[in-house]
Every structure is written in structure tokens, then in C-alpha cells.
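Peer 1: Next comes model_35.cif, mmCIF, C-alpha atoms:
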data_structure
loop_
_atom_site.label_atom_id
_atom_site.label_comp_id
_atom_site.auth_asym_id
_atom_site.auth_seq_id
_atom_site.Cartn_x
_atom_site.Cartn_y
_atom_site.Cartn_z
CA MET A 94 -57.01 84.61 9.07
CA SER A 95 -57.35 82.69 5.83
CA ASN A 96 -59.41 79.62 5.24
CA PHE A 97 -57.96 76.99 2.92
CA LYS A 98 -59.97 74.35 1.17
CA ASN A 99 -57.96 71.20 0.58
CA LEU A 100 -57.97 70.06 -3.02
CA GLU A 101 -58.93 66.47 -3.66
CA TYR A 102 -56.74 64.34 -5.92
CA ILE A 103 -58.86 63.00 -8.75
CA LEU A 104 -58.00 59.55 -9.97
CA ASP A 105 -59.34 59.08 -13.49
CA HIS A 106 -58.96 55.36 -14.17
CA HIS A 107 -60.06 53.53 -17.29
CA PHE A 108 -59.34 50.19 -18.91
CA ASP A 109 -58.73 50.18 -22.64
CA SER A 110 -60.27 46.92 -23.80
CA LYS A 111 -58.41 46.93 -27.13
CA SER A 112 -54.88 47.13 -25.73
CA CYS A 113 -55.90 45.69 -22.34
CA ARG A 114 -54.04 48.45 -20.55
CA HIS A 115 -55.09 50.44 -17.50
CA TYR A 116 -54.74 54.21 -17.64
CA VAL A 117 -54.69 56.52 -14.64
CA ASN A 118 -54.84 60.21 -15.52
CA GLY A 119 -53.47 59.44 -18.97
CA PHE A 120 -50.54 57.23 -17.92
CA VAL A 121 -50.33 53.46 -18.34
CA ASN A 122 -50.49 52.02 -14.83
CA VAL A 123 -49.88 48.53 -13.58
CA LEU A 124 -50.40 46.59 -10.37
CA HIS A 125 -47.41 45.00 -8.72
CA CYS A 126 -46.83 43.48 -5.30
CA HIS A 127 -44.31 44.11 -2.53
CA HIS A 128 -42.20 41.17 -3.71
CA TYR A 129 -41.62 43.03 -6.97
CA ALA A 130 -40.87 46.40 -5.38
CA THR A 131 -38.55 44.98 -2.74
CA LEU A 132 -36.66 42.80 -5.22
CA TYR A 133 -36.15 45.86 -7.44
CA ALA A 134 -34.85 47.72 -4.37
CA GLN A 135 -32.55 44.84 -3.52
CA LEU A 136 -31.32 44.68 -7.11
CA ALA A 137 -30.64 48.43 -7.04
CA ASP A 138 -28.78 48.07 -3.76
CA ASP A 139 -26.69 45.20 -5.07
CA ALA A 140 -25.79 46.97 -8.33
CA GLY A 141 -23.07 49.04 -6.66
CA MET A 142 -20.90 49.35 -9.75
CA LEU A 143 -23.73 51.12 -11.58
CA ASP A 144 -24.90 53.07 -8.54
CA GLY A 145 -28.16 51.14 -8.75
CA LYS A 146 -29.71 53.02 -5.83
CA LEU A 147 -29.34 56.30 -7.68
CA LEU A 148 -30.50 54.64 -10.90
CA LEU A 149 -33.75 53.53 -9.28
CA ALA A 150 -34.26 56.87 -7.49
CA GLU A 151 -33.68 58.83 -10.71
CA SER A 152 -35.94 56.51 -12.72
CA CYS A 153 -38.71 57.22 -10.22
CA GLU A 154 -37.90 60.93 -10.10
CA ASP A 155 -38.27 61.22 -13.87
CA VAL A 156 -41.58 59.37 -14.06
CA PHE A 157 -43.19 61.00 -11.01
CA TYR A 158 -42.04 64.40 -12.26
CA ASP A 159 -43.89 63.84 -15.55
CA VAL A 160 -47.01 62.45 -13.87
CA LEU A 161 -47.34 65.23 -11.30
CA LYS A 162 -46.37 68.03 -13.67
CA LYS A 163 -49.12 66.96 -16.09
CA TYR A 164 -51.63 66.81 -13.25
CA TYR A 165 -50.64 70.25 -11.93
CA ILE A 166 -50.89 71.85 -15.36
CA GLU A 167 -54.18 70.22 -16.33
CA ASN A 168 -55.78 71.14 -13.01
CA GLY A 169 -54.36 74.66 -12.70
CA ILE A 170 -52.46 73.86 -9.51
CA CYS A 171 -49.85 76.53 -8.86
CA SER A 172 -49.34 77.15 -5.14
CA ILE A 173 -46.81 75.21 -3.11
CA ARG A 174 -49.48 74.28 -0.60
CA ASP A 175 -51.77 72.81 -3.26
CA LYS A 176 -48.92 71.00 -5.00
CA ILE A 177 -47.91 69.35 -1.71
CA ASN A 178 -51.49 68.46 -0.90
CA ILE A 179 -51.94 66.69 -4.25
CA ALA A 180 -48.52 64.98 -4.08
CA GLU A 181 -49.33 63.54 -0.64
CA GLN A 182 -52.70 62.25 -1.82
CA TYR A 183 -51.23 60.83 -5.03
CA TYR A 184 -48.53 58.97 -3.07
CA SER A 185 -51.18 57.31 -0.90
CA ALA A 186 -53.47 56.55 -3.82
CA THR A 187 -50.75 54.53 -5.52
CA GLY A 188 -50.34 52.36 -2.43
CA LEU A 189 -46.80 53.58 -1.72
CA GLY A 190 -47.70 54.66 1.82
CA LYS A 191 -48.36 57.82 3.81
CA ILE A 192 -46.08 60.78 3.21
CA HIS A 193 -46.03 64.14 4.98
CA PHE A 194 -44.06 67.06 3.58
CA GLN A 195 -43.22 68.81 6.87
CA LYS A 196 -41.03 71.63 5.60
CA ALA A 197 -40.22 72.82 2.10
CA GLY A 198 -38.05 75.72 1.03
CA PRO A 199 -36.06 76.49 -2.12
CA GLU A 200 -32.84 75.35 -0.42
CA SER A 201 -33.91 72.57 1.95
CA GLY A 202 -36.76 70.58 3.38
CA TYR A 203 -37.89 67.71 5.54
CA THR A 204 -40.32 64.89 4.81
CA GLU A 205 -41.65 61.95 6.79
CA LEU A 206 -43.27 58.63 6.00
CA THR A 207 -45.55 57.06 8.56
CA HIS A 208 -46.31 54.08 6.35
CA SER A 209 -44.27 52.66 3.50
CA HIS A 210 -45.04 49.94 0.95
CA VAL A 211 -41.36 49.32 0.32
CA ASP A 212 -40.22 49.29 3.98
CA GLU A 213 -43.16 47.32 5.32
CA GLY A 214 -43.03 44.99 2.31
CA TRP A 215 -39.31 44.43 2.94
CA ILE A 216 -39.95 43.60 6.61
CA LYS A 217 -42.75 41.23 5.61
CA LYS A 218 -40.46 39.48 3.14
CA TRP A 219 -37.06 39.51 4.85
CA GLY A 220 -37.33 41.25 8.22
CA THR A 221 -35.63 44.45 9.35
CA ARG A 222 -32.48 45.90 7.83
CA ASP A 223 -30.06 48.50 9.13
CA LYS A 224 -29.76 50.41 5.85
CA PRO A 225 -32.44 52.31 3.87
CA VAL A 226 -34.24 50.56 1.02
CA ASN A 227 -36.74 53.17 -0.12
CA PHE A 228 -34.93 54.57 -3.14
CA MET A 229 -38.27 54.92 -4.95
CA THR A 230 -39.49 57.45 -2.41
CA GLN A 231 -36.22 59.37 -2.58
CA GLY A 232 -36.99 59.84 -6.28
CA PHE A 233 -40.57 60.83 -5.55
CA ILE A 234 -39.51 63.50 -3.03
CA SER A 235 -36.88 64.86 -5.38
CA ALA A 236 -39.46 65.17 -8.17
CA VAL A 237 -41.93 66.96 -5.91
CA PHE A 238 -39.34 69.47 -4.71
CA SER A 239 -38.32 70.29 -8.27
CA LEU A 240 -41.96 70.92 -9.12
CA LEU A 241 -42.59 72.98 -5.98
CA PHE A 242 -39.83 75.41 -6.82
CA ASP A 243 -39.95 75.24 -10.63
CA THR A 244 -36.42 73.90 -10.88
CA PRO A 245 -35.13 71.25 -13.31
CA ARG A 246 -34.98 67.61 -12.27
CA ARG A 247 -31.93 66.61 -10.21
CA SER A 248 -32.00 69.95 -8.38
CA PHE A 249 -32.34 68.35 -4.97
CA GLU A 250 -30.57 65.63 -3.05
CA VAL A 251 -32.61 63.45 -0.71
CA PHE A 252 -31.07 61.76 2.33
CA GLU A 253 -33.00 59.11 4.25
CA GLU A 254 -32.06 59.67 7.91
CA GLU A 255 -34.21 57.09 9.69
CA SER A 256 -36.16 54.20 8.25
CA ILE A 257 -39.21 52.11 9.02
CA VAL A 258 -37.30 49.13 7.63
CA SER A 259 -34.74 49.56 10.43
CA GLY A 260 -37.41 49.51 13.13
CA ALA A 261 -38.09 53.25 13.38
CA THR A 262 -41.71 54.35 13.77
CA LYS A 263 -41.31 56.59 10.75
CA SER A 264 -38.93 57.20 7.88
CA SER A 265 -37.50 60.71 7.63
CA PHE A 266 -35.84 62.41 4.70
CA LYS A 267 -33.67 65.52 4.59
CA ILE A 268 -33.77 67.43 1.31
CA VAL A 269 -30.94 69.72 0.22
CA ARG A 270 -30.61 71.86 -2.91
CA LYS A 271 -27.62 70.74 -4.99
CA MET B 266 -61.64 23.99 -22.17
CA THR B 267 -64.53 25.94 -20.72
CA ILE B 268 -62.65 29.05 -19.71
CA ASP B 269 -64.48 32.10 -21.01
CA ARG B 270 -61.53 34.43 -21.44
CA LYS B 271 -63.61 37.38 -22.61
CA LYS B 272 -65.89 37.18 -19.59
CA ILE B 273 -62.95 36.95 -17.18
CA ILE B 274 -61.27 39.99 -18.73
CA GLU B 275 -64.53 41.95 -18.61
CA ASN B 276 -65.04 41.14 -14.95
CA MET B 277 -61.51 41.25 -13.60
CA SER B 278 -60.49 44.43 -15.45
CA LYS B 279 -62.99 46.31 -13.29
CA ILE B 280 -60.70 46.05 -10.30
CA ARG B 281 -60.00 49.50 -8.90
CA VAL B 282 -57.14 49.94 -6.48
CA ILE B 283 -56.65 52.84 -4.10
CA GLY B 284 -54.61 53.11 -0.94
CA ASN B 285 -56.35 52.94 2.44
CA GLU B 286 -55.97 55.61 5.15
CA ASP B 287 -52.36 54.47 5.63
CA GLY B 288 -51.70 54.70 1.91
CA LEU B 289 -51.33 50.95 1.61
CA VAL B 290 -53.22 48.38 -0.44
CA SER B 291 -53.53 44.87 0.94
CA GLY B 292 -54.96 42.12 -1.21
CA PHE B 293 -54.21 38.65 -2.53
CA ASN B 294 -51.88 38.03 0.47
CA VAL B 295 -49.53 40.84 -0.58
CA PHE B 296 -49.16 44.62 -0.47
CA VAL B 297 -50.00 46.08 -3.87
CA THR B 298 -49.08 49.29 -5.68
CA GLN B 299 -50.63 50.81 -8.76
CA LEU B 300 -47.84 52.78 -10.35
CA PRO B 301 -47.00 54.12 -13.79
CA ALA B 302 -45.59 51.25 -15.82
CA ALA B 303 -42.84 53.60 -16.93
CA ILE B 304 -41.21 53.32 -13.50
CA TRP B 305 -40.49 49.62 -13.95
CA ASN B 306 -39.60 50.04 -17.63
CA THR B 307 -37.26 52.96 -17.03
CA PHE B 308 -35.25 51.23 -14.33
CA ALA B 309 -35.06 47.91 -16.22
CA ASP B 310 -34.04 49.57 -19.47
CA ARG B 311 -31.44 51.88 -17.92
CA LEU B 312 -29.99 49.02 -15.90
CA THR B 313 -29.67 46.65 -18.84
CA ALA B 314 -28.37 49.41 -21.10
CA LYS B 315 -25.65 50.45 -18.64
CA VAL B 316 -24.44 47.07 -17.49
CA ASP B 317 -21.37 45.51 -19.14
CA SER B 318 -22.18 42.91 -21.77
CA GLU B 319 -20.73 40.11 -19.65
CA MET B 320 -23.04 41.11 -16.78
CA LEU B 321 -26.17 41.56 -18.89
CA GLU B 322 -27.44 38.01 -18.45
CA ALA B 323 -27.10 38.24 -14.67
CA ALA B 324 -28.94 41.58 -14.56
CA GLU B 325 -31.71 40.19 -16.75
CA TRP B 326 -31.98 37.10 -14.52
CA LEU B 327 -32.51 39.35 -11.49
CA LEU B 328 -35.25 41.31 -13.26
CA VAL B 329 -36.96 38.07 -14.31
CA ASN B 330 -36.54 36.68 -10.81
CA ALA B 331 -38.31 39.72 -9.30
CA ALA B 332 -41.28 38.96 -11.52
CA GLN B 333 -41.12 35.22 -10.86
CA GLU B 334 -41.36 35.78 -7.10
CA CYS B 335 -44.09 38.36 -7.64
CA GLY B 336 -45.99 36.00 -9.96
CA TYR B 337 -45.60 33.04 -7.63
CA HIS B 338 -46.91 34.73 -4.49
CA THR B 339 -49.41 37.11 -6.07
CA GLY B 340 -50.51 34.39 -8.49
CA TYR B 341 -51.31 32.13 -5.58
CA GLY B 342 -53.18 35.00 -3.94
CA ILE B 343 -55.19 35.48 -7.13
CA ILE B 344 -56.22 31.84 -7.59
CA THR B 345 -57.32 31.57 -3.96
CA SER B 346 -59.13 34.93 -3.87
CA ASP B 347 -62.86 35.54 -3.56
CA GLU B 348 -62.82 37.29 -6.95
CA TRP B 349 -61.33 34.19 -8.57
CA LYS B 350 -63.78 31.90 -6.81
CA ALA B 351 -66.69 34.02 -8.03
CA VAL B 352 -65.63 34.54 -11.64
CA VAL B 353 -63.14 31.89 -12.78
CA GLU B 354 -63.55 28.85 -10.57
CA PRO B 355 -67.02 27.94 -11.89
CA MET B 356 -65.48 27.62 -15.39
CA ILE B 357 -62.77 25.18 -14.36
CA GLU B 358 -63.29 21.60 -15.51
CA LYS B 359 -59.75 20.35 -15.74
CA ALA B 360 -57.13 21.47 -13.24
CA PRO B 361 -54.49 22.73 -13.36
CA GLU B 362 -54.69 23.40 -17.11
CA ASP B 363 -57.88 25.45 -16.96
CA ILE B 364 -56.41 27.37 -14.05
CA LEU B 365 -53.52 28.39 -16.31
CA TYR B 366 -55.86 29.55 -19.07
CA GLY B 367 -57.85 31.50 -16.49
CA ALA B 368 -54.74 32.96 -14.90
CA PHE B 369 -53.61 34.42 -18.22
CA ALA B 370 -57.03 35.99 -18.70
CA VAL B 371 -56.58 37.67 -15.30
CA PHE B 372 -53.00 38.58 -16.29
CA THR B 373 -54.52 40.36 -19.29
CA ALA B 374 -57.32 41.98 -17.30
CA TRP B 375 -54.86 43.50 -14.87
CA GLY B 376 -52.88 45.16 -17.64
CA TRP B 377 -49.69 43.13 -17.34
CA ALA B 378 -49.94 42.03 -20.98
CA LYS B 379 -52.59 41.13 -23.52
CA ALA B 380 -51.43 37.55 -23.43
CA GLU B 381 -52.81 34.07 -23.89
CA VAL B 382 -51.68 30.48 -23.79
CA ILE B 383 -51.29 29.12 -27.31
CA GLU B 384 -49.71 25.78 -26.46
CA LEU B 385 -49.71 23.73 -23.30
CA ILE B 386 -48.12 20.36 -22.73
CA PRO B 387 -49.06 19.52 -19.13
CA ASN B 388 -46.19 19.44 -16.69
CA GLU B 389 -43.72 20.13 -19.49
CA LYS B 390 -44.11 23.18 -21.69
CA MET B 391 -46.25 26.26 -22.25
CA VAL B 392 -46.10 28.86 -24.99
CA ILE B 393 -47.51 32.34 -24.40
CA ARG B 394 -48.22 34.97 -27.00
CA ALA B 395 -48.51 38.62 -25.99
CA TYR B 396 -50.08 41.01 -28.50
CA ASP B 397 -49.62 44.16 -26.42
CA TYR B 398 -47.49 44.67 -23.33
CA TYR B 399 -46.17 47.68 -21.47
CA GLU B 400 -42.59 46.39 -21.43
CA SER B 401 -42.42 46.87 -25.21
CA ASP B 402 -42.83 50.64 -24.59
CA ALA B 403 -39.11 50.74 -23.85
CA VAL B 404 -38.68 51.11 -27.63
CA SER B 405 -40.54 54.09 -29.16
CA TYR B 406 -39.09 54.00 -32.65
CA GLY B 407 -37.54 51.23 -34.70
CA TYR B 408 -36.48 48.08 -32.92
CA GLY B 409 -33.49 46.44 -31.33
CA ASN B 410 -32.31 42.94 -30.54
CA LYS B 411 -32.71 43.12 -26.76
CA LYS B 412 -35.80 41.20 -25.73
CA GLY B 413 -36.96 43.11 -22.69
CA ALA B 414 -40.17 41.54 -21.40
CA TYR B 415 -38.63 40.42 -18.12
CA MET B 416 -41.89 40.68 -16.20
CA ILE B 417 -43.80 38.43 -18.62
CA ARG B 418 -40.98 35.87 -18.52
CA GLY B 419 -40.97 35.75 -14.75
CA VAL B 420 -44.71 35.65 -14.22
CA SER B 421 -45.22 33.01 -16.94
CA ALA B 422 -42.65 30.75 -15.30
CA ALA B 423 -44.26 31.39 -11.92
CA PHE B 424 -47.68 30.32 -13.17
CA MET B 425 -46.18 27.01 -14.34
CA ASP B 426 -44.50 26.69 -10.93
CA LEU B 427 -47.91 27.06 -9.31
CA ALA B 428 -49.49 24.57 -11.71
CA TYR B 429 -46.87 21.83 -11.71
CA GLY B 430 -44.20 22.74 -9.15
CA GLY B 431 -45.85 21.12 -6.17
CA GLU B 432 -47.71 22.55 -3.25
CA TYR B 433 -47.50 26.33 -2.80
CA ASP B 434 -44.68 27.26 -0.43
CA PRO B 435 -45.13 30.70 1.21
CA THR B 436 -41.38 30.84 1.87
CA GLY B 437 -40.61 30.25 -1.81
CA ASN B 438 -37.91 27.76 -0.87
CA THR B 439 -39.62 24.96 -2.75
CA GLY B 440 -42.02 25.12 -5.66
CA MET B 441 -40.56 28.27 -7.14
CA ARG B 442 -38.09 28.26 -10.08
CA THR B 443 -39.03 24.71 -11.12
CA PHE B 444 -39.76 26.30 -14.53
CA SER B 445 -37.97 28.95 -16.53
CA CYS B 446 -39.06 31.07 -19.47
CA LYS B 447 -37.32 32.22 -22.63
CA GLN B 448 -38.57 35.09 -24.75
CA THR B 449 -38.36 34.06 -28.40
CA LYS B 450 -40.06 37.06 -30.02
CA GLY B 451 -40.72 40.64 -29.00
CA ILE B 452 -42.68 43.64 -30.23
CA GLU B 453 -39.71 45.70 -29.06
CA CYS B 454 -37.60 43.67 -31.52
CA GLY B 455 -39.87 44.28 -34.50
CA ASP B 456 -42.03 41.17 -34.21
CA ASP B 457 -45.82 41.38 -34.40
CA TYR B 458 -46.13 39.92 -30.91
CA GLY B 459 -44.06 38.68 -28.03
CA GLU B 460 -43.63 34.95 -27.62
CA PHE B 461 -42.55 33.15 -24.48
CA VAL B 462 -41.64 29.50 -24.04
CA VAL B 463 -41.81 28.05 -20.54
CA SER B 464 -40.15 24.73 -19.82
CA ARG B 465 -38.71 22.79 -16.89
CA ALA B 466 -35.77 24.61 -15.32
CA GLN B 467 -32.44 22.97 -16.10
#
Show how you would write the structure in this file as C-alpha cells.
Peer 2:
Amino acid sequence: MSNFKNLEYILDHHFDSKSCRHYVNGFVNVLHCHHYATLYAQLADDAGMLDGKLLLAESCEDVFYDVLKKYYIENGICSIRDKINIAEQYYSATGLGKIHFQKAGPESGYTELTHSHVDEGWIKKWGTRDKPVNFMTQGFISAVFSLLFDTPRRSFEVFEEESIVSGATKSSFKIVRK
Amino acid sequence: MTIDRKKIIENMSKIRVIGNEDGLVSGFNVFVTQLPAAIWNTFADRLTAKVDSEMLEAAEWLLVNAAQECGYHTGYGIITSDEWKAVVEPMIEKAPEDILYGAFAVFTAWGWAKAEVIELIPNEKMVIRAYDYYESDAVSYGYGNKKGAYMIRGVSAAFMDLAYGGEYDPTGNTGMRTFSCKQTKGIECGDDYGEFVVSRAQ
């Protein structure tokens, strides 16, 4: 039987007084509220002609991919278990909610959210909704899966199957290799 | 004016945000995230680059509106917070003007933009200058003619809403969008700084 020690996500935060920017692990970070995130989600949902939902998911996928890849490289994180552990902690540290990668394979996977900034923020602002709104997390999951299996971005599709915003106790996501 | 901008920035920039056991951050009457600025920039830039020219103004309005609602509600949370009461409130002699000067010091401390009020005509007009702001990162080389500081526009208008738009309305049905903001200069357009003019909404 093996014993595993969980790695702890290290958040290196500093404020550059010259530019007045906040950096977290080398990336410019900024605080925003649930009004901002939910209005971006609504805008993405409304922009059907441009496939705004995919646009927001892919924007997030690209940025989270870069952020996590840099962290994994700089901290020598190679195993799937450790990558998932750090990704889950990072997600919570940002305030996006509580994510659990339940199953991950090179062809498919399954992920749950037990808390969600976007869903709970949406409910706080407008109430429940019968369609998913968490395109940001779809992008996050897609980025993590690409990093877990060393595949290029856009290698995985993410389908939100149940949603906190619709009244479910958790959001669940099915992941399928393209 | 007795607002000590440097002191406010020094104090309020020390804020450190991390999710609780549920991965959520509650503060200032809202849920908060601390995310890479590139997320907001990437979506805004791709959206405004892809949209047809006749739809550009509408897309930009929606991006500004997201920030105006954020600035209105979070701004109210800031100016009623314990942190504000401890650091900024003792400096306020003349309200709401000093509140505006203080709010832009907090705006700077939180990394939204290194911005300050350079002109204020009470209840009428405000001019903001931003010497560094993450939204200008959308251009890495050269410059274009698309002024892309939608967040600064929205939040600046929201702060004037809070100052002169009447009593704060948690529903946002009244009080919000009484002011609007135009960006007249931008670092992303080759200017030395961004400039933003807030006036009564038409």
C-alpha cells in the first residue's frame, strides 16, 4: 500500500507599487465580483451568432492552460494525481468554487462542482435558470484535461449535465476526447 | 481635499484574497474572484474583434455595462466596508467628492488601474487619467484605434452613479446608469495614458 502526501498549492502574491498591479505566481491578477462574472456569462450566452459560450470557454481554457502549465513546470509536478490536486486547490483559491475531478482518462472523464461562484452568483443576482451558465469552468476543465494527458488545447469537449444554477445540489461535467 | 492617496494605496493594496473551504470569497456584499486579468481581456478582445462593425458598439456597451453593475454594487460594498471606515473615512471632509477621490485610490490599490481623478465638477463631470491598466495589455506591439478599457469606463461611471445618482439601490433599478463614460485616450492606442470622461447619461 502506498502513502501519498498531498501537495499544497502555493499562492505567491505581490503588489507592484510602480505599476499598481497584483501578481499571483507571475500573472497579473485582478479582483472582480459575481456581477461581473455573471454579466460576462450572460453576454456570452446572448452572443449566439459568434458562439459566445464557446468564445468564453476557450478564452478561459487558454489562460488557465498557461497558468497551470507554468505552475506545473516550475514546481516539478508531473503525475496526474498531483496535477489534479493542484488544479482543485487553484480553482478554490481563485474563489471560483469547489471542484472535484472524479474520473480522468485519456479519452473521457467526469468532474463535479459542489460550489460555484458563477452559478451561485447568478442565483443571487437573477434566480435559477434552466440552462447552464458556467462556461468559464468548462474552459478550466478542458485546460486541466489537456495538461493531464499532455495533449494540445482543444483536445477535449466538456458537457455540463446538471447545474447548481438550475437547482441541482451539484454541477456535473462529462469530458470527452475530441 | 484631505485624501491621502498614497496612504490609501499602501493600506488597501495589502488585501489578500483566498477562497474559503467552499472555494468562495464573500466580501463587500458580493462574491469575489481573483483571476488572471488575461481572462477578461481575452474574452473582451476576441468578442470585439469578431463582431461585425455594426454590432461593435452594442458589444462594447455590454462589456461596459458589466463593469458598471460591478462597480455600482461592489463600489457601494467598498465605501461601506470596515476597511474603508478604518482607512479612508477619517480623511473625508467633503462628501461625496472626497469619497470619489478615495474610491479611485482604492481602485488603484486593487489593481484595476493606476488611475486618479484629474477633474471633478460636482454632479456633472469627472475626468479620470489611468497611467497603467491591465486592459491595455490587449495590445502587445504597436497600437490600434480601438479603445478597449471597458472596465474602467463602467466602473468610473458607476462611481459617479454612487456619488450623485441618488440613494444606493440594491436592485440597480434606480441610481445606476445615471452617468456614462467615454474613453478619449488609451495606452492601447499609442497615448501615454488612458483618459476617461464621465458625464450625465443622455
Peer 1: Between A:Gln135, A:Ser201, A:Ser239, A:Thr221, single out the one closest to Leu328 of chain B, counting all atoms listed in the file.
Peer 2: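 Comparing A:Gln135, A:Ser201, A:Ser239, A:Thr221 against Leu328 of chain B, the winner is A:Gln135.
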Peer 1: May I ask which of the residues B:Tyr366, B:Phe461, B:Trp305, B:Tyr429 is the closest one to chain A, counting all atoms listed in the file?
Peer 2: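 The shortest atom-to-atom distance to chain A comes from B:Trp305.
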Peer 1: Residues within 8 Å of segment 442-450 of chain B, please, as a PyMOL selection string. Count all atoms listed in the file; anything in the same chain fewer than 3 positions from it doesn't count.
Peer 2: chain B and resi 333+412+414+418-419+421-423+425-426+430+454+456+458-466
Peer 1: Within 6 Å of chain A, which residues of chain B come that close, and what is the closest atom pair and distance in Å for each? Count all atoms listed in the file and give it as CSV.
Peer 2:
residue,atom,partner,partner_atom,distance
B:Ile283,CA,A:Ala186,CA,4.9
B:Gly284,CA,A:Gly188,CA,4.6
B:Asp287,CA,A:Lys191,CA,5.5
B:Gly288,CA,A:Ser185,CA,3.9
B:Leu289,CA,A:Gly188,CA,4.4
B:Val290,CA,A:Gly188,CA,5.3
B:Phe296,CA,A:His127,CA,5.3
B:Val297,CA,A:Cys126,CA,4.3
B:Thr298,CA,A:Gly188,CA,4.6
B:Gln299,CA,A:Leu124,CA,4.5
B:Leu300,CA,A:Asn122,CA,5.3
B:Pro301,CA,A:Asn122,CA,4.2
B:Ala302,CA,A:Asn122,CA,5.1
B:Ile304,CA,A:Cys153,CA,5.7
B:Thr307,CA,A:Ser152,CA,5.7
B:Phe308,CA,A:Ser152,CA,5.6
B:Ala331,CA,A:Tyr129,CA,5.2
B:Cys335,CA,A:His128,CA,5.2
B:Gly376,CA,A:Arg114,CA,4.5
B:Lys379,CA,A:Cys113,CA,5.8
Peer 1: For Lys272 of chain B, which of B:Ser405, B:Asn330, B:Thr439, B:Thr373 is the closest residue, counting all atoms listed in the file?
Peer 2: B:Thr373
Peer 1: Please list as a PyMOL selection string every residue within 8 Å of Tyr415 of chain B, counting only C-alpha atoms and excluding residues in the same chain fewer than 5 positions away.
Peer 2: chain B and resi 325+328-329+332+400
Peer 1: Go through A:Ala134, A:Leu161, A:Val226, A:Leu147 and flag the residue nearest Arg247 of chain A, using all atoms listed in the file for the distances.
Peer 2: A:Leu147
Peer 1: Could you spell out the hits of the PyMOL selection byres ((chain B and resi 357-361) around 8) on the shown file, as a PDB file with C-alpha atoms, in the coordinates of the input?
Peer 2:
ATOM      1  CA  MET B 266     -61.640  23.990 -22.170  1.00  0.00           C
ATOM      2  CA  THR B 267     -64.530  25.940 -20.720  1.00  0.00           C
ATOM      3  CA  ILE B 268     -62.650  29.050 -19.710  1.00  0.00           C
ATOM      4  CA  VAL B 353     -63.140  31.890 -12.780  1.00  0.00           C
ATOM      5  CA  GLU B 354     -63.550  28.850 -10.570  1.00  0.00           C
ATOM      6  CA  PRO B 355     -67.020  27.940 -11.890  1.00  0.00           C
ATOM      7  CA  MET B 356     -65.480  27.620 -15.390  1.00  0.00           C
ATOM      8  CA  GLU B 362     -54.690  23.400 -17.110  1.00  0.00           C
ATOM      9  CA  ASP B 363     -57.880  25.450 -16.960  1.00  0.00           C
ATOM     10  CA  ILE B 364     -56.410  27.370 -14.050  1.00  0.00           C
ATOM     11  CA  LEU B 365     -53.520  28.390 -16.310  1.00  0.00           C
ATOM     12  CA  ALA B 428     -49.490  24.570 -11.710  1.00  0.00           C
ATOM     13  CA  TYR B 429     -46.870  21.830 -11.710  1.00  0.00           C
TER      14      TYR B 429
END
Peer 1: Could you list the residues chosen by the PyMOL selection byres ((chain B and resi 396) around 8) in this structure as a list in words?
Peer 2: Ala378, Lys379, Ala380, Arg394, Ala395, Asp397, Tyr398, Asp457, Tyr458 and Gly459 of chain B
Peer 1: Please expand the PyMOL selection byres ((chain A and resi 268) around 7) into the concrete residues it hits in this file, giving the result as an NGL selection string.
Peer 2: :A and (201-203 or 249-252 or 266-267 or 269-270)
Peer 1: What is the atom CA of Val371 of chain B to atom CA of Ile393 of chain B distance in Å?
Peer 2: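 Computing the Euclidean distance for atom CA of Val371 of chain B and atom CA of Ile393 of chain B yields 13.9 Å.
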